[in-house]
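What follows is start.txt (compact mmCIF, C-alpha atoms).
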# COMPACT_ATOMS: atom_id res chain seq x y z
CA MET Z 1 11.08 -11.80 -30.70
CA GLN Z 2 7.79 -10.83 -29.01
CA LYS Z 3 5.92 -13.63 -30.74
CA ARG Z 4 8.51 -16.15 -29.60
CA VAL Z 5 8.29 -14.99 -25.99
CA LEU Z 6 4.50 -15.10 -26.03
CA LEU Z 7 4.55 -18.54 -27.64
CA LEU Z 8 7.00 -19.78 -25.00
CA ILE Z 9 4.79 -18.46 -22.18
CA ILE Z 10 1.67 -20.04 -23.65
CA VAL Z 11 3.44 -23.38 -24.10
CA LEU Z 12 4.72 -23.28 -20.52
CA VAL Z 13 1.31 -22.40 -19.11
CA LEU Z 14 -0.35 -25.19 -21.04
CA ALA Z 15 2.33 -27.84 -20.64
CA PHE Z 16 3.38 -27.68 -17.00
CA PRO Z 17 0.06 -28.39 -15.29
CA ALA Z 18 -0.71 -31.22 -17.69
CA PHE Z 19 2.52 -33.05 -16.88
CA ALA Z 20 3.06 -32.23 -13.24
CA GLY Z 21 -0.41 -32.43 -11.73
CA TYR Z 22 0.10 -29.28 -9.70
CA PHE Z 23 -1.90 -26.26 -10.63
CA ASP Z 24 -2.94 -23.19 -8.71
CA VAL Z 25 -3.94 -19.65 -9.55
CA GLY Z 26 -3.62 -16.68 -7.26
CA ILE Z 27 -4.66 -13.06 -7.69
CA THR Z 28 -1.70 -10.77 -6.98
CA LEU Z 29 -1.97 -7.33 -5.40
CA GLY Z 30 0.85 -5.20 -4.03
CA THR Z 31 3.33 -2.42 -4.47
CA ASN Z 32 6.00 -1.74 -7.07
CA ALA Z 33 8.73 0.83 -7.54
CA HIS Z 34 10.80 1.29 -10.69
CA LEU Z 35 14.23 2.66 -9.80
CA GLY Z 36 17.18 3.80 -11.88
CA GLU Z 37 15.30 4.81 -15.04
CA LYS Z 38 13.73 8.13 -14.01
CA ASP Z 39 14.05 9.61 -17.47
CA LEU Z 40 11.88 6.85 -18.90
CA ASP Z 41 9.59 6.28 -15.93
CA PRO Z 42 9.13 9.17 -13.46
CA SER Z 43 6.62 7.21 -11.34
CA ARG Z 44 6.67 7.57 -7.54
CA LEU Z 45 4.04 5.01 -6.59
CA LYS Z 46 2.81 1.99 -8.50
CA LEU Z 47 0.16 -0.62 -7.94
CA ALA Z 48 1.23 -4.18 -8.73
CA TRP Z 49 -1.56 -6.46 -9.86
CA GLY Z 50 -1.79 -9.71 -11.75
CA ALA Z 51 -1.75 -13.45 -11.34
CA SER Z 52 0.52 -16.10 -9.89
CA ILE Z 53 0.14 -19.44 -11.64
CA GLY Z 54 1.55 -22.60 -10.11
CA LEU Z 55 3.09 -24.82 -12.79
CA THR Z 56 4.66 -27.54 -10.66
CA ASP Z 57 5.35 -28.00 -6.96
CA VAL Z 58 8.42 -25.75 -7.26
CA TRP Z 59 7.89 -23.70 -10.44
CA GLU Z 60 5.47 -20.85 -11.01
CA LEU Z 61 4.64 -18.23 -13.61
CA ASP Z 62 4.02 -14.71 -12.34
CA ILE Z 63 2.28 -12.24 -14.60
CA GLN Z 64 2.40 -8.81 -13.04
CA ALA Z 65 1.14 -5.46 -14.28
CA ASN Z 66 2.57 -2.34 -12.63
CA THR Z 67 0.32 0.68 -12.98
CA GLN Z 68 1.47 4.18 -12.08
CA LEU Z 69 -0.64 5.97 -9.44
CA VAL Z 70 1.60 8.94 -8.55
CA PRO Z 71 2.48 11.51 -9.91
CA THR Z 72 0.01 10.86 -12.75
CA PHE Z 73 -2.92 8.65 -11.90
CA LEU Z 74 -3.18 5.55 -14.14
CA ASP Z 75 -0.55 6.92 -16.51
CA THR Z 76 1.65 4.04 -17.72
CA THR Z 77 1.51 0.30 -17.17
CA SER Z 78 4.21 -2.29 -17.63
CA VAL Z 79 3.64 -6.04 -17.67
CA SER Z 80 6.24 -8.55 -16.55
CA PHE Z 81 6.34 -12.31 -17.05
CA LEU Z 82 8.54 -14.24 -14.65
CA ILE Z 83 9.21 -17.95 -14.41
CA GLN Z 84 10.19 -18.51 -10.79
CA ARG Z 85 11.50 -21.42 -8.77
CA ALA Z 86 11.02 -21.99 -5.05
CA LEU Z 87 14.37 -22.33 -3.29
CA LEU Z 88 13.39 -23.75 0.09
CA GLY Z 89 11.20 -26.68 -0.89
CA GLN Z 90 7.78 -27.26 -2.38
CA ARG Z 91 5.69 -24.14 -2.92
CA SER Z 92 2.60 -26.34 -3.02
CA THR Z 93 2.09 -29.95 -1.96
CA GLY Z 94 -0.83 -30.42 -4.31
CA GLY Z 95 -2.83 -31.89 -1.44
CA GLN Z 96 -4.32 -31.09 1.93
CA THR Z 97 -0.91 -30.92 3.61
CA ALA Z 98 0.09 -27.32 4.17
CA GLY Z 99 3.76 -27.85 3.30
CA MET Z 100 6.39 -25.11 3.43
CA GLY Z 101 5.07 -21.91 5.00
CA ILE Z 102 8.22 -19.92 4.33
CA ASN Z 103 10.08 -19.87 1.05
CA SER Z 104 12.22 -17.85 -1.35
CA LEU Z 105 11.86 -17.41 -5.08
CA VAL Z 106 14.32 -16.80 -7.87
CA GLY Z 107 13.27 -16.19 -11.43
CA LEU Z 108 13.90 -15.05 -14.97
CA GLY Z 109 11.60 -13.19 -17.30
CA VAL Z 110 10.76 -10.32 -19.56
CA MET Z 111 8.88 -7.05 -19.33
CA LEU Z 112 6.68 -5.30 -21.85
CA SER Z 113 6.59 -1.57 -21.22
CA PRO Z 114 6.63 1.90 -22.78
CA TYR Z 115 9.97 2.61 -21.06
CA THR Z 116 11.84 2.69 -24.34
CA LEU Z 117 13.59 5.44 -26.28
CA ASP Z 118 10.56 6.14 -28.47
CA GLY Z 119 7.97 5.48 -25.74
CA ARG Z 120 6.36 2.67 -27.71
CA THR Z 121 5.03 -0.26 -25.64
CA THR Z 122 7.08 -3.29 -26.61
CA LEU Z 123 9.38 -5.94 -25.19
CA SER Z 124 11.68 -3.67 -23.22
CA HIS Z 125 13.50 -5.48 -20.40
CA LEU Z 126 15.04 -8.80 -19.45
CA LEU Z 127 14.46 -9.60 -15.79
CA VAL Z 128 16.31 -11.48 -13.06
CA SER Z 129 14.33 -11.58 -9.83
CA LEU Z 130 14.89 -12.58 -6.23
CA THR Z 131 12.19 -12.74 -3.57
CA PRO Z 132 13.98 -13.46 -0.29
CA LEU Z 133 10.84 -14.12 1.72
CA THR Z 134 7.44 -15.60 0.98
CA VAL Z 135 5.07 -16.44 3.81
CA GLY Z 136 2.10 -18.72 3.18
CA SER Z 137 1.38 -21.07 0.30
CA PRO Z 138 -1.23 -21.85 -2.32
CA VAL Z 139 -2.56 -24.68 -0.16
CA ILE Z 140 -3.18 -22.26 2.73
CA GLY Z 141 -4.92 -19.96 0.27
CA LYS Z 142 -2.81 -16.89 0.85
CA ARG Z 143 0.81 -15.92 0.41
CA GLU Z 144 2.79 -12.76 1.09
CA ARG Z 145 5.89 -11.95 -0.93
CA ALA Z 146 8.26 -9.41 0.62
CA LEU Z 147 11.24 -7.34 -0.54
CA THR Z 148 11.38 -8.58 -4.11
CA VAL Z 149 14.32 -7.13 -6.02
CA THR Z 150 14.37 -7.51 -9.80
CA LEU Z 151 17.24 -6.41 -12.00
CA ALA Z 152 15.83 -5.14 -15.28
CA TYR Z 153 18.10 -4.88 -18.32
CA ASN Z 154 16.67 -2.41 -20.79
CA LEU Z 155 17.12 -3.84 -24.28
CA HIS Z 156 16.77 -0.40 -25.86
CA THR Z 157 18.98 1.79 -23.68
CA LYS Z 158 21.34 -1.04 -22.61
CA GLN Z 159 21.01 0.16 -19.01
CA VAL Z 160 20.07 -1.75 -15.89
CA GLY Z 161 17.20 -0.59 -13.70
CA VAL Z 162 15.77 -2.09 -10.54
CA LEU Z 163 12.21 -3.09 -9.78
CA PHE Z 164 11.47 -3.22 -6.07
CA ASP Z 165 8.28 -4.75 -4.72
CA LEU Z 166 7.98 -4.05 -1.01
CA LEU Z 167 5.02 -6.31 -0.40
CA LYS Z 168 2.69 -8.40 -2.53
CA PHE Z 169 -0.23 -10.62 -1.64
CA ASP Z 170 -1.33 -13.69 -3.57
CA PHE Z 171 -4.93 -14.71 -2.94
CA TYR Z 172 -5.44 -18.21 -4.33
CA VAL Z 173 -8.72 -18.87 -6.08
CA VAL Z 174 -7.62 -22.26 -7.47
CA GLY Z 175 -5.41 -24.84 -5.76
CA SER Z 176 -6.02 -24.02 -2.10
CA TYR Z 177 -7.01 -26.52 0.62
CA LYS Z 178 -10.63 -25.98 -0.41
CA ASP Z 179 -9.91 -27.77 -3.70
CA TYR Z 180 -8.29 -30.79 -2.01
CA ARG Z 181 -11.11 -31.72 0.38
CA MET H 182 -6.94 54.31 26.76
CA ALA H 183 -4.91 52.37 24.19
CA LYS H 184 -2.98 50.66 26.98
CA VAL H 185 -6.23 49.61 28.72
CA PHE H 186 -7.51 48.21 25.43
CA GLU H 187 -4.26 46.31 24.83
CA LEU H 188 -4.37 44.89 28.36
CA SER H 189 -7.97 43.72 28.01
CA THR H 190 -7.16 42.14 24.64
CA LEU H 191 -4.16 40.41 26.18
CA ARG H 192 -6.31 39.19 29.08
CA LEU H 193 -8.89 37.86 26.65
CA ARG H 194 -6.21 35.99 24.73
CA VAL H 195 -4.79 34.48 27.91
CA TYR H 196 -8.30 33.43 29.08
CA TRP H 197 -9.02 31.98 25.64
CA ARG H 198 -5.79 29.96 25.62
CA LEU H 199 -6.37 28.73 29.17
CA SER H 200 -9.94 27.69 28.44
CA VAL H 201 -8.87 25.90 25.23
CA LYS H 202 -6.10 24.14 27.13
CA ARG H 203 -8.56 23.13 29.87
CA LEU H 204 -11.01 21.86 27.30
CA LEU H 205 -8.28 19.83 25.59
CA VAL H 206 -7.12 18.35 28.92
CA PHE H 207 -10.73 17.42 29.80
CA LEU H 208 -11.22 15.90 26.35
CA VAL H 209 -8.04 13.82 26.57
CA ILE H 210 -8.83 12.63 30.13
CA GLY H 211 -12.41 11.85 29.12
CA LEU H 212 -11.33 9.88 26.04
CA LEU H 213 -8.71 7.97 28.05
CA LEU H 214 -11.26 7.07 30.73
CA ILE H 215 -13.82 5.91 28.19
CA GLY H 216 -11.09 4.18 26.20
CA SER H 217 -10.09 2.02 29.15
CA LEU H 218 -13.51 0.38 28.95
CA SER H 219 -12.80 -1.04 25.53
CA ALA H 220 -10.42 -3.96 24.95
CA ARG H 221 -8.18 -2.39 22.31
CA SER H 222 -7.94 1.29 21.55
CA VAL H 223 -4.40 2.53 21.02
CA GLY H 224 -2.54 1.48 17.93
CA TYR H 225 0.19 2.33 15.48
CA ALA H 226 0.30 2.05 11.73
CA LEU H 227 2.81 1.64 8.96
CA GLY H 228 1.94 2.53 5.40
CA TYR H 229 3.37 3.18 1.95
CA TYR H 230 2.37 6.54 0.48
CA GLY H 231 2.83 8.51 -2.70
CA GLN H 232 2.02 12.22 -2.90
CA SER H 233 1.79 14.47 -5.93
CA VAL H 234 2.12 18.18 -5.08
CA GLU H 235 0.17 20.24 -7.61
CA ALA H 236 1.70 23.54 -6.48
CA ASP H 237 5.29 22.33 -6.84
CA SER H 238 5.93 19.09 -8.73
CA GLU H 239 9.49 18.91 -7.37
CA LEU H 240 8.00 18.14 -3.94
CA THR H 241 6.29 15.00 -5.24
CA SER H 242 7.46 12.13 -3.07
CA SER H 243 6.82 8.58 -1.91
CA GLY H 244 7.89 6.52 1.09
CA ALA H 245 6.85 5.22 4.48
CA GLU H 246 4.02 6.64 6.54
CA PHE H 247 3.70 6.30 10.32
CA SER H 248 0.53 6.81 12.35
CA LEU H 249 -0.73 6.69 15.89
CA VAL H 250 -4.39 5.83 16.31
CA TYR H 251 -6.68 6.20 19.28
CA LYS H 252 -10.02 4.42 18.99
CA PRO H 253 -12.09 4.95 22.14
CA PHE H 254 -15.27 3.19 21.03
CA ASN H 255 -16.30 0.10 19.15
CA LEU H 256 -19.45 1.32 17.46
CA ALA H 257 -21.02 -0.52 14.52
CA PHE H 258 -21.87 2.80 12.86
CA ALA H 259 -19.91 6.06 12.78
CA ASN H 260 -17.07 4.75 14.93
CA PRO H 261 -14.63 7.63 15.56
CA SER H 262 -10.87 7.58 15.99
CA VAL H 263 -8.21 10.20 16.56
CA ILE H 264 -5.29 9.80 14.15
CA GLY H 265 -1.88 11.44 14.04
CA ARG H 266 0.28 10.86 10.98
CA THR H 267 3.64 11.72 9.52
CA ALA H 268 5.72 10.30 6.69
CA LEU H 269 9.28 9.96 5.56
CA GLY H 270 9.79 9.78 1.83
CA THR H 271 12.18 10.61 -0.96
CA LEU H 272 11.93 13.27 -3.64
CA GLU H 273 12.70 12.67 -7.31
CA ASP H 274 16.41 13.31 -6.71
CA GLY H 275 16.55 10.90 -3.78
CA THR H 276 16.56 13.55 -1.05
CA TYR H 277 14.73 12.56 2.12
CA THR H 278 11.65 14.60 2.94
CA VAL H 279 8.89 14.87 5.55
CA PRO H 280 5.88 15.75 3.41
CA TYR H 281 3.28 16.24 6.14
CA LEU H 282 2.34 16.12 9.78
CA GLN H 283 -1.33 15.49 10.45
CA ILE H 284 -3.73 15.30 13.36
CA GLY H 285 -7.37 14.57 12.76
CA LEU H 286 -10.46 12.48 13.05
CA GLY H 287 -11.34 9.25 11.28
CA LEU H 288 -14.83 7.90 11.03
CA ASP H 289 -15.64 4.25 10.25
CA LEU H 290 -18.93 4.64 8.42
CA PHE H 291 -20.22 1.15 9.24
CA ARG H 292 -19.01 -2.35 10.00
CA THR H 293 -20.22 -5.51 8.34
CA THR H 294 -19.04 -9.09 7.82
CA ARG H 295 -21.32 -9.48 4.79
CA HIS H 296 -19.06 -8.29 2.01
CA PRO H 297 -17.29 -9.73 -1.05
CA PHE H 298 -13.75 -9.55 0.41
CA ASN H 299 -13.85 -12.49 2.83
CA PHE H 300 -11.81 -14.60 0.42
CA LEU H 301 -8.84 -12.32 1.22
CA ALA H 302 -8.48 -13.64 4.77
CA HIS H 303 -8.38 -17.01 6.48
CA ASN H 304 -10.91 -15.97 9.11
CA ILE H 305 -14.04 -13.91 8.71
CA ILE H 306 -13.05 -10.26 8.56
CA ALA H 307 -15.16 -7.13 8.82
CA TYR H 308 -15.41 -4.48 6.12
CA SER H 309 -15.46 -0.94 7.45
CA PRO H 310 -14.87 1.95 5.03
CA MET H 311 -13.51 5.11 6.62
CA ILE H 312 -13.44 8.81 5.89
CA GLY H 313 -11.08 11.18 7.64
CA VAL H 314 -10.49 14.88 8.04
CA SER H 315 -7.28 16.31 9.48
CA TYR H 316 -5.28 19.43 10.08
CA ALA H 317 -2.10 18.97 8.04
CA PHE H 318 1.15 20.88 8.13
CA ASP H 319 3.78 20.79 5.40
CA PRO H 320 7.08 21.57 7.20
CA ARG H 321 8.91 22.15 3.92
CA ARG H 322 6.77 25.13 3.04
CA ASP H 323 5.46 26.16 6.48
CA THR H 324 1.97 25.63 5.10
CA ALA H 325 -1.16 24.60 6.97
CA LEU H 326 -3.57 22.48 4.95
CA LEU H 327 -6.84 20.61 5.32
CA ALA H 328 -6.48 16.88 4.68
CA LEU H 329 -9.33 14.70 3.49
CA GLU H 330 -8.89 10.95 3.28
CA VAL H 331 -11.02 8.04 2.15
CA SER H 332 -10.37 4.37 2.90
CA PRO H 333 -12.83 2.55 0.65
CA PHE H 334 -11.07 -0.81 1.10
CA LYS H 335 -10.61 -1.11 4.84
CA LEU H 336 -10.83 -4.51 6.50
CA ILE H 337 -10.74 -4.82 10.26
CA GLN H 338 -10.22 -7.47 12.91
CA LYS H 339 -10.15 -7.17 16.68
CA ASP H 340 -6.62 -5.80 16.78
CA PHE H 341 -5.85 -5.01 13.12
CA TRP H 342 -6.89 -2.62 10.40
CA TYR H 343 -5.87 -3.38 6.82
CA GLU H 344 -6.26 -0.54 4.34
CA VAL H 345 -5.56 -0.72 0.62
CA LEU H 346 -5.60 2.05 -1.99
CA SER H 347 -6.67 4.94 0.22
CA PRO H 348 -6.69 8.27 -1.65
CA PHE H 349 -6.06 11.54 0.19
CA PHE H 350 -6.36 15.19 -0.76
CA LEU H 351 -4.68 18.19 0.84
CA TYR H 352 -6.59 21.43 0.41
CA ASP H 353 -5.16 24.94 0.84
CA ILE H 354 -7.95 26.85 2.56
CA VAL H 355 -6.23 30.23 2.25
CA LYS H 356 -5.73 29.91 -1.51
CA GLY H 357 -8.97 27.99 -1.95
CA GLU H 358 -7.40 25.32 -4.13
CA MET H 359 -6.21 21.74 -3.96
CA ASP H 360 -2.56 21.67 -2.91
CA SER H 361 -1.73 18.02 -3.37
CA TRP H 362 -3.15 14.51 -3.57
CA GLY H 363 -1.92 10.99 -3.25
CA PHE H 364 -2.51 7.43 -2.20
CA ASN H 365 -1.70 5.18 0.64
CA ILE H 366 -1.32 2.02 -1.35
CA ILE H 367 -1.22 -0.15 1.74
CA ARG H 368 -1.47 0.50 5.47
CA PHE H 369 -1.42 -1.85 8.47
CA THR H 370 -2.64 -0.68 11.85
CA TYR H 371 -2.04 -2.76 14.95
CA PHE H 372 -3.86 -2.01 18.20
CA LEU H 373 -1.77 -2.59 21.30
CA LYS H 374 -4.57 -1.95 23.75
Kindly return the structure encoded in the file as structure tokens.
Amino acid sequence: MQKRVLLLIIVLVLAFPAFAGYFDVGITLGTNAHLGEKDLDPSRLKLAWGASIGLTDVWELDIQANTQLVPTFLDTTSVSFLIQRALLGQRSTGGQTAGMGINSLVGLGVMLSPYTLDGRTTLSHLLVSLTPLTVGSPVIGKRERALTVTLAYNLHTKQVGVLFDLLKFDFYVVGSYKDYR
Amino acid sequence: MAKVFELSTLRLRVYWRLSVKRLLVFLVIGLLLIGSLSARSVGYALGYYGQSVEADSELTSSGAEFSLVYKPFNLAFANPSVIGRTALGTLEDGTYTVPYLQIGLGLDLFRTTRHPFNFLAHNIIAYSPMIGVSYAFDPRRDTALLALEVSPFKLIQKDFWYEVLSPFFLYDIVKGEMDSWGFNIIRFTYFLK
């Protein structure tokens, strides 16, 4: 199962930019809270970090690690992979035109984490995510994502938890206006 | 004799309180007068904190932090500010809690635009790490604490401060041990004037 998911992600990463001609990479930094699974994850404050990879003008792949800061500093880390689609138009124009400054994202994905019955880090959750508000775009070079709610179905406990990301920033190092001059 | 002693002690206390009050009034008036010379000096902040209480793990909480900031000067080195903070968070069981009330001093160590974080903003932004020391009060335990804070990743513009991953430590002076620690994962400060 894990191999298949990884293979799928690799294929998507490699295939989309080659066919669509849109490609951008942003560094993600922000906050994360894991709710509803306190027995498995007693964290109170988490740092979200990772990368947002533009696959087409409306599709993107978000790889996000969530590292616990409180109550135990750098204790556990989960990694989520989300394929997301922009709902309010192009997320990137692939040119010098700024395009949509405000957008929403909806996505599906998986999470690898130690939040399992035996505490072993493995494929643990299926994810459905909604980001109601994004401000900025890859072309501008910066984007904020606010109030992301992700339903996380735990494959091991058969329970549903919630991931809540109050605020995340994407700082684009590839695919901003600087690359389209 | 005892009554005379008590009276003189009482008088001393009253004088002491009056002189401290006078000093505080003078300080506030002085800061306000100097502050009016600068363009922006009074601001408020919103942050996201997490606090781990070593003495009682059940008091570990996370939530929103609110601050008021007064910045009378605009110095390139050792720029001071007076900061009052409080927070509203939730405990492990979801109960709301006010983990601390703080009043203290922040010090921007230096300010420079030559730093590796300019790619984070559209315009050139200054880097200005800060250290802070505050009197803190935990209303849940009626405990007075000494708060130490570091903002190693603080970026500033004319009317904004952006702080990321700022650790803080609350020290119990009476017991001589660290009471709690935590992080402000993100904090925005906006200066009204």
Quiz prompt | Selected residue, from Z:Leu69, Z:Leu112, Z:Val160, Z:Leu151, that lies nearest to Ser243 of chain H when counting only C-alpha atoms | solution =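 Closest residue, counting only C-alpha atoms: Z:Leu69.
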Exercise. Please return, as a count of residues only, all residues of chain H lying within 7 Å of chain Z when all atoms listed in the file are considered.
Key: 8
Exercise. In the coordinate frame of the file, compute which residues have an atom within 6 Å of (-7.2, -9.5, 12.3) when using all atoms listed in the file, and state them as an NGL selection string.
Key: :H and (338-341)
Practice problem: Tell me, as a list in words, which residues lie within 7 Å of Lys252 of chain H, counting all atoms listed in the file; anything in the same chain fewer than 3 positions away does not count. | Solution: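 Here the qualifying residues turn out to be Ser222, Val223, Pro261, Ser262 and Val263 of chain H.
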Exercise. Please determine the residues with any atom at most 7 Å from (-9.4, 10.2, 1.0) (coordinates as given in the file, with all atoms listed in the file counting) and report them as an MDAnalysis selection string.
Key: chainID H and resid 312:313 329:332 347:350
Quiz item: What lies within 8 Å of Leu346 of chain H using all atoms listed in the file, ignoring chain neighbours under 2 positions off, as a ChimeraX atom specification?
Solution: /H:332-334,344,348,364-367
Quiz item: Could you pull the residues within 10 Å of segment 335-337 of chain H, counting all atoms listed in the file, minus those fewer than 6 positions along the same chain, as a list in words?
Solution: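 Using all atoms listed in the file, the neighbours found are Asp289, Arg292, Thr293, Thr294, Phe298, Asn299, Leu301, Ala302, Ile305, Ile306, Ala307, Tyr308, Ser309, Pro310, Met311, Tyr343, Glu344, Val345, Leu346, Ser347, Ile367, Arg368, Phe369 and Thr370 of chain H.
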9 Å contact set for Thr77 of chain Z, only C-alpha atoms, chain neighbours under 5 positions out, as a CSV table (one decimal) with C-alpha atoms, in the coordinates of the input:
chain,number,residue,atom,x,y,z
Z,46,LYS,CA,2.8,2.0,-8.5
Z,65,ALA,CA,1.1,-5.5,-14.3
Z,66,ASN,CA,2.6,-2.3,-12.6
Z,67,THR,CA,0.3,0.7,-13.0
Z,68,GLN,CA,1.5,4.2,-12.1
Z,112,LEU,CA,6.7,-5.3,-21.8
Z,113,SER,CA,6.6,-1.6,-21.2
Z,114,PRO,CA,6.6,1.9,-22.8
Exercise. Could you jot down the atom CA of Ala226 of chain H to atom CA of Thr278 of chain H separation for me, Å, one decimal place?
Key: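 Interatomic distance here is 19.1 Å.
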